[in-house]
file target_12.txt (compact mmCIF, C-alpha atoms and all ligand atoms)
# COMPACT_ATOMS: atom_id res chain seq x y z
CA PHE K 1 -16.35 6.02 15.45
CA GLN K 2 -16.48 6.87 19.12
CA ALA K 3 -13.58 4.51 19.65
CA LEU K 4 -11.41 6.51 17.29
CA SER K 5 -11.43 9.63 19.48
CA LEU K 6 -11.38 11.82 16.42
CA LYS K 7 -13.26 14.65 18.01
CA PRO K 8 -10.37 16.61 19.49
CA VAL K 9 -8.36 16.36 16.30
CA PHE K 10 -11.01 17.57 13.95
CA SER K 11 -13.06 20.28 15.50
CA ALA K 12 -12.95 23.11 13.03
CA SER K 13 -11.63 26.30 14.47
CA GLY K 14 -12.19 29.96 13.95
CA ILE K 15 -15.27 31.04 11.93
CA LYS K 16 -14.85 34.75 11.29
CA GLY K 17 -17.87 35.54 9.11
CA LYS K 18 -20.57 37.89 10.33
CA ARG K 19 -23.20 37.56 7.66
CA VAL K 20 -24.94 34.29 6.86
CA THR K 21 -27.73 34.22 4.34
CA ALA K 22 -30.95 32.21 4.46
CA LEU K 23 -30.54 29.56 7.12
CA SER K 24 -32.81 26.70 6.27
CA PRO K 25 -34.60 24.61 8.88
CA GLN K 26 -35.21 21.80 6.38
CA GLY K 27 -33.71 20.49 3.17
CA ASN K 28 -30.38 19.05 2.21
CA ALA K 29 -28.91 17.59 5.39
CA LEU K 30 -25.26 18.23 4.61
CA THR K 31 -25.67 21.89 3.78
CA ASP K 32 -27.96 22.28 6.79
CA PHE K 33 -25.07 20.90 8.72
CA ILE K 34 -22.72 23.49 7.23
CA GLN K 35 -25.17 26.27 8.01
CA THR K 36 -25.50 25.05 11.58
CA ALA K 37 -21.73 24.85 11.91
CA ILE K 38 -21.37 28.43 10.75
CA ALA K 39 -24.24 29.64 12.92
CA GLU K 40 -22.96 27.85 16.02
CA LYS K 41 -19.34 28.83 15.59
CA PRO K 42 -19.38 32.44 14.50
CA ASP K 43 -15.59 32.45 14.58
CA ILE K 44 -15.18 29.49 12.19
CA ASP K 45 -12.26 29.72 9.80
CA SER K 46 -13.05 29.88 6.13
CA PRO K 47 -12.35 27.81 4.09
CA PHE K 48 -13.31 24.53 5.74
CA SER K 49 -14.29 21.05 4.62
CA VAL K 50 -16.91 18.65 5.85
CA LEU K 51 -16.18 14.95 5.75
CA ASP K 52 -19.36 12.90 5.71
CA LEU K 53 -18.51 9.59 7.36
CA GLY K 54 -21.90 8.21 6.37
CA VAL K 55 -20.84 8.49 2.72
CA VAL K 56 -17.61 6.60 3.45
CA MET K 57 -19.51 3.81 5.23
CA GLY K 58 -22.04 3.58 2.40
CA LEU K 59 -19.25 3.32 -0.17
CA LEU K 60 -17.50 0.56 1.74
CA GLU K 61 -20.76 -1.33 1.95
CA LYS K 62 -21.27 -0.90 -1.80
CA TRP K 63 -17.71 -2.12 -2.48
CA THR K 64 -18.22 -5.18 -0.31
CA THR K 65 -21.51 -5.98 -2.02
CA LYS K 66 -20.36 -5.48 -5.62
CA LEU K 67 -16.76 -6.69 -5.34
CA PRO K 68 -16.98 -9.22 -2.51
CA THR K 69 -13.76 -10.99 -3.44
CA VAL K 70 -11.64 -7.84 -3.81
CA ARG K 71 -9.99 -6.54 -0.63
CA PRO K 72 -9.75 -2.72 -0.70
CA PHE K 73 -6.40 -1.06 0.11
CA TYR K 74 -7.26 2.67 0.33
CA ALA K 75 -4.72 4.74 -1.68
CA VAL K 76 -3.62 7.24 0.96
CA LYS K 77 -2.14 9.68 -1.59
CA CYS K 78 -5.64 10.60 -2.73
CA ASN K 79 -6.49 12.18 0.62
CA PRO K 80 -4.54 11.44 3.80
CA ASN K 81 -7.06 13.24 6.04
CA LEU K 82 -6.65 11.70 9.47
CA ALA K 83 -10.36 11.28 10.10
CA LEU K 84 -10.84 9.55 6.75
CA ILE K 85 -7.96 7.11 7.18
CA GLY K 86 -8.95 6.59 10.82
CA ALA K 87 -12.50 5.73 9.84
CA LEU K 88 -11.36 3.39 7.07
CA ALA K 89 -8.92 1.71 9.46
CA ALA K 90 -11.69 1.21 12.02
CA LEU K 91 -13.94 -0.21 9.30
CA GLY K 92 -11.28 -2.80 8.46
CA THR K 93 -9.89 -1.64 5.13
CA SER K 94 -6.22 -2.01 4.30
CA PHE K 95 -3.96 0.66 2.81
CA ASP K 96 -1.88 1.44 -0.27
CA CYS K 97 1.00 3.66 0.85
CA ALA K 98 3.46 5.16 -1.62
CA SER K 99 5.92 6.79 0.78
CA LYS K 100 7.51 6.46 4.19
CA ALA K 101 5.35 9.30 5.54
CA GLU K 102 2.15 7.57 4.40
CA ILE K 103 3.24 4.32 6.08
CA GLU K 104 4.01 6.23 9.27
CA ALA K 105 0.55 7.84 9.20
CA ILE K 106 -1.19 4.48 8.84
CA LEU K 107 0.93 2.69 11.45
CA SER K 108 0.27 5.53 13.90
CA LEU K 109 -3.41 4.58 13.76
CA GLY K 110 -2.54 1.18 15.17
CA VAL K 111 -3.03 -0.61 11.83
CA SER K 112 -0.83 -3.69 11.59
CA PRO K 113 1.81 -3.62 8.82
CA ASP K 114 0.30 -6.65 7.08
CA ARG K 115 -2.61 -4.36 6.11
CA ILE K 116 -0.23 -2.15 4.09
CA ILE K 117 1.11 -2.53 0.57
CA TYR K 118 4.02 -0.25 -0.37
CA ALA K 119 2.60 0.33 -3.85
CA ASN K 120 5.32 2.43 -5.41
CA PRO K 121 7.47 0.82 -8.13
CA CYS K 122 10.38 3.17 -7.40
CA ILE K 123 11.42 3.61 -3.75
CA SER K 124 14.61 5.07 -2.32
CA GLU K 125 16.89 2.65 -0.48
CA SER K 126 16.41 4.29 2.90
CA HIS K 127 12.64 4.03 2.57
CA ILE K 128 12.82 0.35 1.62
CA GLU K 129 14.98 -0.18 4.71
CA TYR K 130 12.33 1.62 6.76
CA ALA K 131 9.62 -0.70 5.35
CA ALA K 132 11.75 -3.68 6.38
CA THR K 133 12.14 -2.30 9.91
CA VAL K 134 8.41 -1.79 10.44
CA GLY K 135 7.33 -5.05 8.78
CA VAL K 136 5.71 -3.79 5.57
CA ASN K 137 6.49 -6.78 3.42
CA VAL K 138 4.75 -6.33 0.05
CA THR K 139 5.75 -3.92 -2.70
CA THR K 140 5.55 -3.47 -6.46
CA TYR K 141 8.33 -3.19 -9.06
CA ASP K 142 8.77 -2.71 -12.79
CA SER K 143 12.54 -2.44 -13.31
CA LYS K 144 15.71 -4.46 -12.73
CA ASP K 145 17.25 -1.69 -10.62
CA GLU K 146 14.36 -1.91 -8.19
CA VAL K 147 14.98 -5.65 -7.80
CA GLU K 148 18.58 -4.94 -6.85
CA LYS K 149 17.57 -2.32 -4.27
CA ILE K 150 14.98 -4.63 -2.69
CA ARG K 151 17.43 -7.57 -2.62
CA LYS K 152 19.90 -5.37 -0.77
CA CYS K 153 17.54 -3.55 1.62
CA HIS K 154 14.56 -5.86 2.21
CA PRO K 155 15.23 -9.37 0.85
CA THR K 156 12.15 -10.93 2.49
CA CYS K 157 9.77 -8.46 0.82
CA GLU K 158 7.18 -10.02 -1.51
CA LEU K 159 6.97 -8.44 -4.95
CA LEU K 160 4.10 -7.77 -7.32
CA LEU K 161 5.18 -7.06 -10.89
CA ARG K 162 3.47 -3.87 -12.03
CA ILE K 163 2.46 -4.17 -15.69
CA ARG K 164 1.23 -1.52 -18.07
CA PRO K 165 -2.40 -2.26 -19.02
CA PRO K 166 -2.68 -3.17 -22.71
CA GLN K 167 -5.17 -0.45 -23.60
CA GLU K 168 -5.56 3.14 -22.47
CA SER K 169 -8.73 3.59 -20.44
CA GLY K 170 -9.12 7.27 -21.39
CA ALA K 171 -8.79 8.24 -17.72
CA ARG K 172 -8.10 11.88 -16.82
CA THR K 173 -4.77 10.91 -15.29
CA SER K 174 -2.88 8.23 -17.17
CA LEU K 175 -0.20 6.43 -15.17
CA GLY K 176 1.06 4.20 -17.99
CA LEU K 177 3.66 6.67 -19.24
CA LYS K 178 5.55 6.40 -15.99
CA TYR K 179 4.87 2.93 -14.60
CA GLY K 180 4.28 -0.62 -15.70
CA ALA K 181 6.38 -3.27 -17.42
CA LEU K 182 5.81 -3.79 -21.14
CA PRO K 183 4.90 -7.34 -22.25
CA GLU K 184 8.36 -7.91 -23.78
CA GLU K 185 10.03 -6.90 -20.50
CA VAL K 186 8.04 -9.32 -18.32
CA PRO K 187 10.09 -12.57 -18.66
CA GLU K 188 13.39 -10.87 -17.82
CA LEU K 189 11.91 -8.93 -14.87
CA LEU K 190 10.49 -12.15 -13.44
CA SER K 191 13.73 -14.09 -13.97
CA VAL K 192 15.90 -11.39 -12.44
CA ALA K 193 13.78 -11.21 -9.29
CA HIS K 194 13.67 -15.01 -9.01
CA ALA K 195 17.43 -15.28 -9.49
CA ALA K 196 17.90 -12.66 -6.75
CA GLY K 197 16.07 -14.97 -4.36
CA LEU K 198 13.02 -12.71 -4.13
CA LYS K 199 9.43 -13.98 -4.06
CA VAL K 200 7.30 -12.58 -6.87
CA THR K 201 3.84 -13.42 -5.59
CA GLY K 202 1.64 -11.60 -8.10
CA VAL K 203 0.86 -8.85 -10.56
CA SER K 204 -0.46 -5.30 -10.23
CA PHE K 205 -1.71 -2.69 -12.70
CA HIS K 206 -3.54 0.65 -12.72
CA ILE K 207 -5.89 1.60 -15.56
CA GLY K 208 -5.57 5.35 -14.83
CA SER K 209 -7.34 7.65 -12.40
CA GLY K 210 -10.64 9.40 -13.00
CA GLY K 211 -13.31 8.59 -15.51
CA GLY K 212 -11.57 5.76 -17.32
CA ASP K 213 -13.42 3.15 -19.37
CA PRO K 214 -14.26 0.19 -17.07
CA GLN K 215 -13.72 -2.12 -20.07
CA ALA K 216 -9.99 -1.56 -19.52
CA TYR K 217 -10.04 -3.87 -16.48
CA LYS K 218 -10.86 -6.82 -18.72
CA GLY K 219 -7.75 -6.48 -20.88
CA ALA K 220 -5.55 -5.73 -17.87
CA ILE K 221 -6.77 -8.80 -15.95
CA SER K 222 -6.17 -11.00 -18.97
CA ALA K 223 -2.65 -9.52 -19.35
CA ALA K 224 -2.02 -10.22 -15.65
CA LYS K 225 -3.04 -13.84 -16.17
CA SER K 226 -0.45 -14.11 -18.97
CA VAL K 227 2.22 -13.00 -16.47
CA PHE K 228 1.08 -15.71 -14.03
CA ASP K 229 1.50 -18.23 -16.88
CA ILE K 230 4.95 -16.94 -17.86
CA ALA K 231 6.09 -17.25 -14.23
CA SER K 232 4.93 -20.88 -14.20
CA LEU K 233 6.76 -21.58 -17.46
CA LEU K 234 9.90 -20.10 -15.93
CA GLY K 235 9.60 -22.60 -13.08
CA MET K 236 8.81 -19.97 -10.46
CA PRO K 237 6.50 -20.71 -7.50
CA ARG K 238 2.83 -20.25 -8.40
CA MET K 239 1.67 -16.64 -8.10
CA ARG K 240 -1.42 -15.94 -6.03
CA VAL K 241 -1.98 -12.16 -5.81
CA LEU K 242 -3.83 -10.01 -8.35
CA ASP K 243 -3.78 -6.27 -7.58
CA ILE K 244 -6.29 -4.46 -9.80
CA GLY K 245 -5.15 -0.97 -8.68
CA GLY K 246 -7.44 2.06 -8.72
CA GLY K 247 -9.47 3.78 -11.42
CA PHE K 248 -12.77 3.57 -9.54
CA THR K 249 -15.34 6.33 -9.18
CA SER K 250 -18.34 6.09 -6.89
CA GLY K 251 -21.13 6.74 -9.41
CA PRO K 252 -23.04 4.23 -11.53
CA GLU K 253 -19.80 3.48 -13.45
CA PHE K 254 -18.71 1.57 -10.35
CA ASP K 255 -21.39 -1.06 -10.92
CA VAL K 256 -20.24 -1.48 -14.52
CA ALA K 257 -16.60 -1.74 -13.45
CA ALA K 258 -17.48 -4.31 -10.77
CA MET K 259 -19.36 -6.45 -13.28
CA GLN K 260 -16.45 -6.28 -15.74
CA ILE K 261 -13.92 -7.17 -13.03
CA ASN K 262 -15.89 -10.09 -11.59
CA ALA K 263 -16.48 -11.53 -15.06
CA ALA K 264 -12.86 -11.01 -16.16
CA ILE K 265 -11.45 -12.68 -13.03
CA GLN K 266 -13.79 -15.61 -13.55
CA CYS K 267 -12.89 -15.85 -17.23
CA SER K 268 -9.09 -15.60 -16.78
CA PHE K 269 -8.57 -17.38 -13.46
CA GLY K 270 -11.63 -19.63 -13.08
CA LYS K 271 -11.36 -21.56 -9.84
CA GLU K 272 -7.63 -20.89 -9.38
CA GLU K 273 -6.78 -19.93 -5.81
CA LEU K 274 -6.30 -16.17 -5.87
CA VAL K 275 -6.06 -13.20 -3.51
CA VAL K 276 -7.48 -10.13 -5.25
CA ILE K 277 -6.83 -6.65 -3.92
CA GLY K 278 -7.72 -3.16 -5.20
CA GLU K 279 -6.27 0.28 -4.45
CA PRO K 280 -9.24 2.67 -4.53
CA GLY K 281 -8.46 6.27 -3.60
CA ARG K 282 -10.88 8.52 -5.46
CA TYR K 283 -13.72 6.03 -4.87
CA PHE K 284 -13.71 6.66 -1.12
CA ALA K 285 -12.51 10.26 -0.94
CA GLU K 286 -14.09 12.24 -3.76
CA THR K 287 -17.75 12.50 -2.78
CA ALA K 288 -17.14 12.31 0.97
CA PHE K 289 -15.79 15.90 1.24
CA THR K 290 -17.61 19.19 0.69
CA LEU K 291 -15.76 22.50 0.69
CA ALA K 292 -17.20 25.71 2.13
CA THR K 293 -15.50 28.99 1.17
CA LYS K 294 -16.39 32.59 1.76
CA VAL K 295 -16.74 35.37 -0.79
CA ILE K 296 -14.07 37.90 0.20
CA GLY K 297 -14.28 40.32 -2.71
CA LYS K 298 -16.56 41.44 -5.52
CA ARG K 299 -16.32 43.52 -8.68
CA VAL K 300 -19.17 44.40 -11.07
CA ARG K 301 -18.30 44.96 -14.72
CA GLY K 302 -21.55 45.61 -16.58
CA GLU K 303 -23.43 42.31 -16.59
CA LEU K 304 -20.36 40.36 -15.46
CA ARG K 305 -19.92 39.56 -11.78
CA GLU K 306 -16.43 38.81 -10.47
CA TYR K 307 -15.90 37.29 -7.03
CA TRP K 308 -12.85 36.43 -4.95
CA ILE K 309 -13.11 33.50 -2.55
CA ASP K 310 -10.64 32.51 0.16
CA ASP K 311 -9.62 29.17 -1.38
CA GLY K 312 -8.32 28.56 -4.88
CA ILE K 313 -6.17 26.54 -7.22
CA TYR K 314 -3.13 26.78 -4.95
CA GLY K 315 -5.31 25.44 -2.11
CA THR K 316 -8.11 22.89 -1.89
CA LEU K 317 -9.18 23.62 -5.49
CA ILE K 318 -5.80 22.46 -6.83
CA ASN K 319 -7.68 19.46 -8.25
CA ILE K 320 -8.63 21.79 -11.13
CA VAL K 321 -4.97 21.81 -12.17
CA PHE K 322 -3.54 18.43 -11.17
CA ASP K 323 -6.65 16.28 -11.37
CA TYR K 324 -8.21 18.04 -14.39
CA ALA K 325 -11.36 18.34 -12.28
CA THR K 326 -14.40 20.32 -13.35
CA VAL K 327 -15.78 21.79 -10.16
CA THR K 328 -19.26 23.09 -9.40
CA CYS K 329 -20.49 25.34 -6.64
CA MET K 330 -23.64 26.82 -5.20
CA PRO K 331 -24.30 29.65 -2.80
CA LEU K 332 -24.87 28.06 0.60
CA ALA K 333 -28.19 29.86 0.77
CA CYS K 334 -29.45 27.89 -2.27
CA THR K 335 -28.19 24.43 -1.43
CA SER K 336 -30.66 23.68 1.30
CA LYS K 337 -33.61 25.55 -0.04
CA PRO K 338 -33.62 26.06 -3.81
CA GLU K 339 -37.14 27.45 -3.50
CA ASN K 340 -35.74 30.28 -1.40
CA PRO K 341 -36.72 33.51 -3.22
CA PHE K 342 -33.04 34.50 -3.27
CA CYS K 343 -32.36 31.50 -5.50
CA ARG K 344 -35.69 31.02 -7.26
CA ASP K 345 -36.40 34.57 -8.33
CA SER K 346 -32.92 35.97 -8.48
CA LYS K 347 -31.52 36.83 -11.82
CA THR K 348 -28.34 34.88 -12.47
CA TYR K 349 -25.21 36.50 -13.84
CA SER K 350 -22.32 35.18 -15.79
CA SER K 351 -19.71 35.08 -13.03
CA THR K 352 -16.00 34.56 -12.59
CA VAL K 353 -14.75 33.10 -9.33
CA PHE K 354 -11.12 33.85 -8.46
CA GLY K 355 -8.96 32.30 -5.76
CA PRO K 356 -7.26 34.57 -3.21
CA THR K 357 -3.64 34.60 -4.49
CA CYS K 358 -2.17 37.29 -6.70
CA ASP K 359 -1.72 34.92 -9.64
CA SER K 360 -4.35 35.35 -12.36
CA LEU K 361 -4.01 31.63 -13.05
CA ASP K 362 -5.77 31.30 -9.71
CA THR K 363 -9.20 31.29 -11.36
CA VAL K 364 -11.68 28.69 -10.18
CA LEU K 365 -14.66 29.21 -12.50
CA THR K 366 -15.37 31.39 -15.52
CA ASN K 367 -18.65 32.15 -17.22
CA TYR K 368 -20.48 30.39 -14.38
CA LYS K 369 -24.12 31.25 -13.64
CA LEU K 370 -24.67 32.49 -10.10
CA PRO K 371 -27.22 34.72 -8.42
CA GLU K 372 -25.87 38.05 -7.23
CA LEU K 373 -23.60 37.39 -4.25
CA GLN K 374 -22.30 39.73 -1.58
CA VAL K 375 -19.02 39.77 0.30
CA ASN K 376 -19.19 37.28 3.20
CA ASP K 377 -21.66 34.96 1.45
CA TRP K 378 -20.58 31.32 1.42
CA LEU K 379 -20.06 29.12 -1.64
CA VAL K 380 -20.25 25.34 -1.30
CA PHE K 381 -18.29 22.98 -3.58
CA PRO K 382 -19.37 19.29 -3.50
CA ASN K 383 -17.12 16.30 -4.33
CA MET K 384 -13.94 17.93 -3.11
CA GLY K 385 -12.09 14.96 -1.58
CA ALA K 386 -9.88 13.57 -4.35
CA TYR K 387 -6.40 15.03 -4.91
CA THR K 388 -7.38 18.31 -3.20
CA THR K 389 -5.83 18.87 0.22
CA SER K 390 -3.25 16.15 -0.51
CA SER K 391 -1.52 18.42 -3.03
CA CYS K 392 -2.38 21.97 -1.94
CA THR K 393 0.19 24.63 -1.13
CA ASN K 394 0.55 27.69 1.08
CA PHE K 395 1.42 29.94 -1.85
CA ASN K 396 1.06 33.61 -1.05
CA GLY K 397 0.43 32.72 2.60
CA PHE K 398 -3.14 31.58 2.06
CA SER K 399 -4.38 28.52 3.87
CA SER K 400 -6.59 25.83 2.39
CA SER K 401 -9.15 23.68 4.19
CA VAL K 402 -6.45 21.12 5.01
CA ASN K 403 -6.38 21.85 8.73
CA SER K 404 -10.03 22.66 9.09
CA THR K 405 -12.32 19.68 8.70
CA PHE K 406 -15.68 19.06 10.32
CA LEU K 407 -17.00 15.56 10.62
CA ALA K 408 -20.59 14.81 9.75
CA TYR K 409 -22.41 11.54 9.74
CA SER K 410 -25.33 11.21 7.38
CA ASN K 411 -27.30 8.06 7.80
CA PRO K 412 -28.90 7.15 4.47
CA MET K 413 -31.85 5.66 6.39
CA THR K 414 -32.61 8.76 8.47
CA PRO K 415 -31.62 12.08 6.91
CA GLU K 416 -30.32 13.27 10.22
CA GLN K 417 -26.79 14.47 10.83
CA THR K 418 -24.59 14.51 13.83
CA MET K 419 -21.82 16.98 14.32
CA PHE K 420 -18.72 15.53 15.97
N1 LIG V 1 -2.69 2.93 -6.72
C1 LIG V 1 -1.66 3.55 -7.32
C2 LIG V 1 -0.38 2.80 -7.47
C3 LIG V 1 -1.78 4.87 -7.78
O1 LIG V 1 -0.75 5.48 -8.38
C4 LIG V 1 -3.02 5.55 -7.60
C5 LIG V 1 -3.22 6.91 -8.09
O2 LIG V 1 -2.38 7.54 -8.67
C6 LIG V 1 -4.05 4.87 -6.93
C7 LIG V 1 -3.88 3.56 -6.52
C8 LIG V 1 -5.39 5.52 -6.69
O3 LIG V 1 -6.11 5.50 -7.84
P1 LIG V 1 -7.47 6.31 -8.02
O4 LIG V 1 -7.12 7.76 -7.99
O5 LIG V 1 -7.94 5.89 -9.38
O6 LIG V 1 -8.38 5.92 -6.96
call {"tool": "encode", "arguments": {"input": "target_12.txt", "output": "structure tokens"}}
result
Amino acid sequence: FQALSLKPVFSASGIKGKRVTALSPQGNALTDFIQTAIAEKPDIDSPFSVLDLGVVMGLLEKWTTKLPTVRPFYAVKCNPNLALIGALAALGTSFDCASKAEIEAILSLGVSPDRIIYANPCISESHIEYAATVGVNVTTYDSKDEVEKIRKCHPTCELLLRIRPPQESGARTSLGLKYGALPEEVPELLSVAHAAGLKVTGVSFHIGSGGGDPQAYKGAISAAKSVFDIASLLGMPRMRVLDIGGGFTSGPEFDVAAMQINAAIQCSFGKEELVVIGEPGRYFAETAFTLATKVIGKRVRGELREYWIDDGIYGTLINIVFDYATVTCMPLACTSKPENPFCRDSKTYSSTVFGPTCDSLDTVLTNYKLPELQVNDWLVFPNMGAYTTSSCTNFNGFSSSVNSTFLAYSNPMTPEQTMF
């Protein structure tokens, strides 16, 4: 990481809080890290995020162990944080970009264009021309109009036909309504591209993002194999690329998904020569980021406690709306030392946590059990890296944690953290 020179870009700035509760000398390393950051930078801006690069490295190692034949192309849309993409680039991953701006961000890291797939089945002509200029030479398509645009603007671009997976995976965000060729559309889409002189080198799909059933990979891989066979029957050059998309989470479901994928590839493709790629976004980003926000207001209504924090659903916590996320939080004082009397003995109250904007929709948690908090206490939200800062707004003039990220490195072997 030293080589990346990330330090100047990502020092958090401006902590303004004056009151910090219960600093803990031992306990959970990441929240110790947050407490140290707050203690050492009394002018730190709230809200801020912490990116744990040790988590990212551990996840890449897990991916390589469980899916050794699948090359990961990180889906930048999930979280384009510069330190995250810089770390992934340095670790050798490739990238799924869905826009010109995402390609520019990845190329600016010094990543070569052959480590980028332009994985958007509908791209404007000027952006396809841009891809041609910078040497990004693989994209996806699922319509005849896209073939015509690519023929005109980037005729040497390789194509992957994006298909709709045969069964819904039950994921929180389904992508099948918008993208993916239906089985009956496949022969014509292949023929049209072939007739246009374009190389269709493979098939891509996405089973849906967030909590989908890993069984869905099996059906999708088998459907992809049928497309390979149709292309052969049509006399097209043999396909060689299988893009299994995203849909991964980093918990134990990943092991199940990996087993399903390895078995399905073996079953459908056997010893056929094949390049398999995946487009994980959530897998790398979700658990790597922790959000720290400050309580900026409080109201007591009988037994109910209502708090305002300085981030909300128009900011980093926008994943509640667009990613259907269920978020959790803890007072910073309790994360490192749950045995702290403040946490152990304190009565908890049914609490509402509001974001800072004037919209009452900006409500982060309702009926949530918390000990009694005071203005200027900190709340910590884990797992805040997926579809958070990538979609947040400046509504009402409030900032999110997007420009305020600390880097931490937790080594799973030694629970020691370094602040960059
Ligand atoms: N690839 C494509 C084409 C996508 O549209 C998405 C998410 O929308 C991803 C990859 C990332 O998927 P996930 O959020 O499941 O990691």
call {"tool": "atom_distance", "arguments": {"input": "target_12.txt", "atom1": "CA of Lys199 in chain K", "atom2": "CA of Ala75 in chain K"}}
result
23.6 Å
call {"tool": "atom_distance", "arguments": {"input": "target_12.txt", "atom1": "CA of Asp145 in chain K", "atom2": "CA of Ala98 in chain K"}}
result
17.8 Å
call {"tool": "residues_near_ligand", "arguments": {"input": "target_12.txt", "ligand": "ligand LIG 1 (chain V)", "cutoff": "10 Å", "atoms": "all atoms listed in the file", "output": "MDAnalysis selection string"}}
result
chainID K and resid 73:79 95:98 117:121 140 162 171:176 178:179 204:212 243:250 278:286 323 386:387
call {"tool": "atom_distance", "arguments": {"input": "target_12.txt", "atom1": "CA of Leu332 in chain K", "atom2": "CA of Ile85 in chain K"}}
result
27.7 Å
call {"tool": "residues_around", "arguments": {"input": "target_12.txt", "residues": "Ala196 in chain K", "least_positions_apart": "3", "cutoff": "12 Å", "atoms": "all atoms listed in the file", "output": "PyMOL selection string"}}
result
chain K and resi 144-152+154-157+159+189-193+199-200
call {"tool": "closest_residue", "arguments": {"input": "target_12.txt", "among": "K:Ala220, K:Val134, K:Cys392, K:Ile128", "to": "Arg164 in chain K", "atoms": "only C-alpha atoms"}}
result
K:Ala220
call {"tool": "closest_atom_pairs", "arguments": {"input": "target_12.txt", "of": "range 272-314 of chain K", "to": "range 356-368 of chain K", "cutoff": "10 Å", "atoms": "only C-alpha atoms", "output": "tab-separated table"}}
result
residue	atom	partner	partner_atom	distance
K:Val295	CA	K:Pro356	CA	9.8
K:Ile296	CA	K:Pro356	CA	8.3
K:Gly297	CA	K:Pro356	CA	9.1
K:Leu304	CA	K:Asn367	CA	8.6
K:Arg305	CA	K:Asn367	CA	9.3
K:Glu306	CA	K:Thr366	CA	9.0
K:Tyr307	CA	K:Pro356	CA	9.8
K:Trp308	CA	K:Pro356	CA	6.1
K:Ile309	CA	K:Pro356	CA	6.0
K:Asp310	CA	K:Pro356	CA	5.2
K:Asp311	CA	K:Pro356	CA	6.2
K:Gly312	CA	K:Asp362	CA	6.1
K:Ile313	CA	K:Asp362	CA	5.4
K:Tyr314	CA	K:Asp362	CA	7.1
call {"tool": "closest_residue", "arguments": {"input": "target_12.txt", "among": "K:Cys122, K:Ala231, K:Leu274, K:Leu59", "to": "Phe254 in chain K", "atoms": "only C-alpha atoms"}}
result
K:Leu59
call {"tool": "residues_near_point", "arguments": {"input": "target_12.txt", "point": "(-7.4, -16.1, -15.2)", "cutoff": "10 Å", "atoms": "only C-alpha atoms", "output": "list in words"}}
result
Ile221, Ser222, Ala223, Ala224, Lys225, Ser226, Phe228, Asp229, Leu242, Ala264, Ile265, Gln266, Cys267, Ser268, Phe269, Gly270, Lys271, Glu272 and Leu274 of chain K
call {"tool": "write_last_selection", "arguments": {"input": "target_12.txt", "atoms": "C-alpha atoms", "output": "PDB file, keeping the file's coordinate frame"}}
result
ATOM      1  CA  ILE K 221      -6.770  -8.800 -15.950  1.00  0.00           C
ATOM      2  CA  SER K 222      -6.170 -11.000 -18.970  1.00  0.00           C
ATOM      3  CA  ALA K 223      -2.650  -9.520 -19.350  1.00  0.00           C
ATOM      4  CA  ALA K 224      -2.020 -10.220 -15.650  1.00  0.00           C
ATOM      5  CA  LYS K 225      -3.040 -13.840 -16.170  1.00  0.00           C
ATOM      6  CA  SER K 226      -0.450 -14.110 -18.970  1.00  0.00           C
ATOM      7  CA  PHE K 228       1.080 -15.710 -14.030  1.00  0.00           C
ATOM      8  CA  ASP K 229       1.500 -18.230 -16.880  1.00  0.00           C
ATOM      9  CA  LEU K 242      -3.830 -10.010  -8.350  1.00  0.00           C
ATOM     10  CA  ALA K 264     -12.860 -11.010 -16.160  1.00  0.00           C
ATOM     11  CA  ILE K 265     -11.450 -12.680 -13.030  1.00  0.00           C
ATOM     12  CA  GLN K 266     -13.790 -15.610 -13.550  1.00  0.00           C
ATOM     13  CA  CYS K 267     -12.890 -15.850 -17.230  1.00  0.00           C
ATOM     14  CA  SER K 268      -9.090 -15.600 -16.780  1.00  0.00           C
ATOM     15  CA  PHE K 269      -8.570 -17.380 -13.460  1.00  0.00           C
ATOM     16  CA  GLY K 270     -11.630 -19.630 -13.080  1.00  0.00           C
ATOM     17  CA  LYS K 271     -11.360 -21.560  -9.840  1.00  0.00           C
ATOM     18  CA  GLU K 272      -7.630 -20.890  -9.380  1.00  0.00           C
ATOM     19  CA  LEU K 274      -6.300 -16.170  -5.870  1.00  0.00           C
TER      20      LEU K 274
END
call {"tool": "closest_residue", "arguments": {"input": "target_12.txt", "among": "K:Leu160, K:Leu84, K:Val353, K:Ile103", "to": "Gly135 in chain K", "atoms": "all atoms listed in the file"}}
result
K:Ile103
call {"tool": "residues_around", "arguments": {"input": "target_12.txt", "residues": "Lys369 in chain K", "least_positions_apart": "3", "cutoff": "9 Å", "atoms": "all atoms listed in the file", "output": "PyMOL selection string"}}
result
chain K and resi 348-352+366
call {"tool": "build_atoms", "arguments": {"input": "target_12.txt", "residues": "range 59-63 of chain K", "atoms": "N, CA and C atoms", "output": "PDB file, keeping the file's coordinate frame"}}
result
ATOM      1  N   LEU K  59     -20.101   3.749   0.945  1.00  0.00           N
ATOM      2  CA  LEU K  59     -19.250   3.320  -0.170  1.00  0.00           C
ATOM      3  C   LEU K  59     -18.561   1.999   0.134  1.00  0.00           C
ATOM      4  N   LEU K  60     -18.148   1.830   1.387  1.00  0.00           N
ATOM      5  CA  LEU K  60     -17.500   0.560   1.740  1.00  0.00           C
ATOM      6  C   LEU K  60     -18.506  -0.579   1.634  1.00  0.00           C
ATOM      7  N   GLU K  61     -19.730  -0.296   2.041  1.00  0.00           N
ATOM      8  CA  GLU K  61     -20.760  -1.330   1.950  1.00  0.00           C
ATOM      9  C   GLU K  61     -21.021  -1.695   0.479  1.00  0.00           C
ATOM     10  N   LYS K  62     -21.053  -0.645  -0.361  1.00  0.00           N
ATOM     11  CA  LYS K  62     -21.270  -0.900  -1.800  1.00  0.00           C
ATOM     12  C   LYS K  62     -20.117  -1.733  -2.368  1.00  0.00           C
ATOM     13  N   TRP K  63     -18.885  -1.368  -1.988  1.00  0.00           N
ATOM     14  CA  TRP K  63     -17.710  -2.120  -2.480  1.00  0.00           C
ATOM     15  C   TRP K  63     -17.842  -3.587  -2.077  1.00  0.00           C
TER      16      TRP K  63
END
